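Content type mmCIF, C-alpha atoms, from the file my_file12.cif:
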```cif
data_run
loop_
_atom_site.label_atom_id
_atom_site.label_comp_id
_atom_site.auth_asym_id
_atom_site.auth_seq_id
_atom_site.Cartn_x
_atom_site.Cartn_y
_atom_site.Cartn_z
CA MET A 1294 27.22 163.18 -69.21
CA THR A 1295 24.60 160.97 -67.62
CA SER A 1296 24.50 157.22 -67.95
CA LEU A 1297 21.44 157.49 -70.20
CA THR A 1298 23.25 159.94 -72.48
CA THR A 1299 26.29 157.68 -72.54
CA ASN A 1300 24.12 154.68 -73.48
CA TYR A 1301 22.38 156.65 -76.19
CA SER A 1302 25.76 157.73 -77.55
CA HIS A 1303 26.76 154.08 -77.71
CA LEU A 1304 23.52 153.21 -79.54
CA ALA A 1305 24.03 155.99 -82.09
CA ASN A 1306 27.64 154.91 -82.68
CA ASN A 1307 26.59 151.27 -83.12
CA ILE A 1308 23.94 152.16 -85.69
CA ARG A 1309 26.58 154.00 -87.71
CA LYS A 1310 29.16 151.21 -87.20
CA TYR A 1311 26.85 148.40 -88.34
CA ARG A 1312 25.56 150.49 -91.27
CA LYS A 1313 29.13 151.01 -92.49
CA LYS A 1314 30.03 147.37 -91.80
CA LYS A 1315 27.12 146.35 -94.03
CA GLY A 1316 28.51 148.70 -96.69
CA LEU A 1317 25.50 150.99 -96.74
CA THR A 1318 25.43 154.75 -97.10
CA GLN A 1319 22.95 156.75 -95.07
CA ASN A 1320 20.85 157.20 -98.22
CA GLU A 1321 20.80 153.46 -98.92
CA LEU A 1322 19.75 152.61 -95.37
CA CYS A 1323 17.13 155.35 -95.46
CA ASP A 1324 15.67 153.84 -98.62
CA LEU A 1325 15.36 150.49 -96.84
CA LEU A 1326 13.78 152.13 -93.78
CA ASP A 1327 11.58 154.59 -95.70
CA ILE A 1328 12.86 157.55 -93.67
CA SER A 1329 14.69 160.71 -94.68
CA ARG A 1330 18.47 160.97 -94.62
CA GLU A 1331 18.09 163.90 -92.24
CA HIS A 1332 16.20 161.69 -89.80
CA LEU A 1333 18.91 159.03 -89.84
CA ALA A 1334 21.67 161.62 -89.59
CA LYS A 1335 20.01 163.02 -86.46
CA VAL A 1336 19.75 159.52 -84.96
CA GLU A 1337 23.43 158.81 -85.71
CA THR A 1338 24.52 162.12 -84.15
CA MET A 1339 22.30 161.84 -81.06
CA ARG A 1340 20.06 164.76 -82.02
CA ARG A 1341 17.04 162.49 -82.31
CA LYS A 1342 16.14 159.31 -80.44
CA PRO A 1343 14.86 156.44 -82.56
CA SER A 1344 11.51 154.87 -81.79
CA LEU A 1345 11.37 151.24 -80.77
CA ASP A 1346 9.80 150.44 -84.15
CA LEU A 1347 12.67 152.17 -85.96
CA LEU A 1348 15.27 150.27 -83.89
CA PHE A 1349 13.73 146.97 -84.97
CA ARG A 1350 13.57 148.10 -88.61
CA ILE A 1351 17.23 149.19 -88.46
CA ALA A 1352 18.26 145.83 -87.02
CA ILE A 1353 16.35 143.97 -89.74
CA ALA A 1354 17.86 146.14 -92.48
CA LEU A 1355 21.35 145.60 -91.07
CA ASP A 1356 20.70 141.86 -90.62
CA ILE A 1357 21.56 141.92 -86.93
CA GLU A 1358 19.72 141.33 -83.67
CA VAL A 1359 18.52 144.48 -81.88
CA LYS A 1360 20.68 143.62 -78.86
CA TYR A 1361 23.82 144.30 -80.93
CA LEU A 1362 22.79 147.91 -81.26
CA PHE A 1363 23.12 148.18 -77.47
CA ASP A 1364 26.31 146.12 -76.96
#
```
Now that the file is in, can you turn its structure into structure tokens?
Amino acid sequence: MTSLTTNYSHLANNIRKYRKKKGLTQNELCDLLDISREHLAKVETMRRKPSLDLLFRIAIALDIEVKYLFD
């Protein structure tokens, strides 16, 4: 696994972690983001990389700073 893959894995795991910490299901977060559940599921399982715009929208929906998605 490359460093980039490892970092992306960490990002995907953090999105899932903060979503659950906020008490949101995938469907609820998707409603806030106006994306499909399939799209979010792919992001959370590393099958799709989120755009920069989506990362900011996720952070806003989860009420966190974007940097926490990368910590």
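Using all atoms listed in the file, the shortest contact distance between Ile1328 of chain A and any of A:Lys1342, A:Tyr1311, A:Leu1347, A:Asp1356 is found at A:Leu1347.
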Skip Asn1320 of chain A itself and residues of its chain fewer than 4 positions away, then list as JSON, numbers by chain all residues within 10 Å of it, counting only C-alpha atoms.
-> {"A": [1324, 1325, 1326, 1327, 1328, 1329, 1330, 1331, 1333, 1334]}
Residues from the last selection, C-alpha atoms, saved as a PDB file, in the coordinates of the input:
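Result file is again_21.pdb:
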```pdb
ATOM      1  CA  ASP A1324      15.670 153.840 -98.620  1.00  0.00           C
ATOM      2  CA  LEU A1325      15.360 150.490 -96.840  1.00  0.00           C
ATOM      3  CA  LEU A1326      13.780 152.130 -93.780  1.00  0.00           C
ATOM      4  CA  ASP A1327      11.580 154.590 -95.700  1.00  0.00           C
ATOM      5  CA  ILE A1328      12.860 157.550 -93.670  1.00  0.00           C
ATOM      6  CA  SER A1329      14.690 160.710 -94.680  1.00  0.00           C
ATOM      7  CA  ARG A1330      18.470 160.970 -94.620  1.00  0.00           C
ATOM      8  CA  GLU A1331      18.090 163.900 -92.240  1.00  0.00           C
ATOM      9  CA  LEU A1333      18.910 159.030 -89.840  1.00  0.00           C
ATOM     10  CA  ALA A1334      21.670 161.620 -89.590  1.00  0.00           C
TER      11      ALA A1334
END
```
Evaluate the PyMOL selection byres ((chain A and resi 1351) around 10) and report residues as a ChimeraX atom specification | /A:1308,1311-1312,1322-1323,1325-1326,1343,1345-1350,1352-1359,1362
So that I have them on file, write out the residues from the current selection with C-alpha atoms, as a PDB file, in the coordinates of the input.
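The resulting selection-v7.pdb:
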```
ATOM      1  CA  ILE A1308      23.940 152.160 -85.690  1.00  0.00           C
ATOM      2  CA  TYR A1311      26.850 148.400 -88.340  1.00  0.00           C
ATOM      3  CA  ARG A1312      25.560 150.490 -91.270  1.00  0.00           C
ATOM      4  CA  LEU A1322      19.750 152.610 -95.370  1.00  0.00           C
ATOM      5  CA  CYS A1323      17.130 155.350 -95.460  1.00  0.00           C
ATOM      6  CA  LEU A1325      15.360 150.490 -96.840  1.00  0.00           C
ATOM      7  CA  LEU A1326      13.780 152.130 -93.780  1.00  0.00           C
ATOM      8  CA  PRO A1343      14.860 156.440 -82.560  1.00  0.00           C
ATOM      9  CA  LEU A1345      11.370 151.240 -80.770  1.00  0.00           C
ATOM     10  CA  ASP A1346       9.800 150.440 -84.150  1.00  0.00           C
ATOM     11  CA  LEU A1347      12.670 152.170 -85.960  1.00  0.00           C
ATOM     12  CA  LEU A1348      15.270 150.270 -83.890  1.00  0.00           C
ATOM     13  CA  PHE A1349      13.730 146.970 -84.970  1.00  0.00           C
ATOM     14  CA  ARG A1350      13.570 148.100 -88.610  1.00  0.00           C
ATOM     15  CA  ALA A1352      18.260 145.830 -87.020  1.00  0.00           C
ATOM     16  CA  ILE A1353      16.350 143.970 -89.740  1.00  0.00           C
ATOM     17  CA  ALA A1354      17.860 146.140 -92.480  1.00  0.00           C
ATOM     18  CA  LEU A1355      21.350 145.600 -91.070  1.00  0.00           C
ATOM     19  CA  ASP A1356      20.700 141.860 -90.620  1.00  0.00           C
ATOM     20  CA  ILE A1357      21.560 141.920 -86.930  1.00  0.00           C
ATOM     21  CA  GLU A1358      19.720 141.330 -83.670  1.00  0.00           C
ATOM     22  CA  VAL A1359      18.520 144.480 -81.880  1.00  0.00           C
ATOM     23  CA  LEU A1362      22.790 147.910 -81.260  1.00  0.00           C
TER      24      LEU A1362
END
```
What does the distance between atom CA of Thr1318 of chain A and atom CA of Ser1302 of chain A come to in Å, to one decimal place?
->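 Between atom CA of Thr1318 of chain A and atom CA of Ser1302 of chain A the gap works out to 19.8 Å.
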Decode the PyMOL selection byres ((chain A and resi 1305) around 10) for the given file into explicit residues and return them as a PDB file with C-alpha atoms, in the frame of the given file.
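Ended up saving to expr_14.pdb:
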```pdb
ATOM      1  CA  THR A1299      26.290 157.680 -72.540  1.00  0.00           C
ATOM      2  CA  ASN A1300      24.120 154.680 -73.480  1.00  0.00           C
ATOM      3  CA  TYR A1301      22.380 156.650 -76.190  1.00  0.00           C
ATOM      4  CA  SER A1302      25.760 157.730 -77.550  1.00  0.00           C
ATOM      5  CA  HIS A1303      26.760 154.080 -77.710  1.00  0.00           C
ATOM      6  CA  LEU A1304      23.520 153.210 -79.540  1.00  0.00           C
ATOM      7  CA  ASN A1306      27.640 154.910 -82.680  1.00  0.00           C
ATOM      8  CA  ASN A1307      26.590 151.270 -83.120  1.00  0.00           C
ATOM      9  CA  ILE A1308      23.940 152.160 -85.690  1.00  0.00           C
ATOM     10  CA  ARG A1309      26.580 154.000 -87.710  1.00  0.00           C
ATOM     11  CA  LYS A1310      29.160 151.210 -87.200  1.00  0.00           C
ATOM     12  CA  LEU A1333      18.910 159.030 -89.840  1.00  0.00           C
ATOM     13  CA  ALA A1334      21.670 161.620 -89.590  1.00  0.00           C
ATOM     14  CA  LYS A1335      20.010 163.020 -86.460  1.00  0.00           C
ATOM     15  CA  VAL A1336      19.750 159.520 -84.960  1.00  0.00           C
ATOM     16  CA  GLU A1337      23.430 158.810 -85.710  1.00  0.00           C
ATOM     17  CA  THR A1338      24.520 162.120 -84.150  1.00  0.00           C
ATOM     18  CA  MET A1339      22.300 161.840 -81.060  1.00  0.00           C
ATOM     19  CA  ARG A1340      20.060 164.760 -82.020  1.00  0.00           C
ATOM     20  CA  ARG A1341      17.040 162.490 -82.310  1.00  0.00           C
ATOM     21  CA  LYS A1342      16.140 159.310 -80.440  1.00  0.00           C
ATOM     22  CA  PRO A1343      14.860 156.440 -82.560  1.00  0.00           C
ATOM     23  CA  LEU A1362      22.790 147.910 -81.260  1.00  0.00           C
ATOM     24  CA  PHE A1363      23.120 148.180 -77.470  1.00  0.00           C
TER      25      PHE A1363
END
```
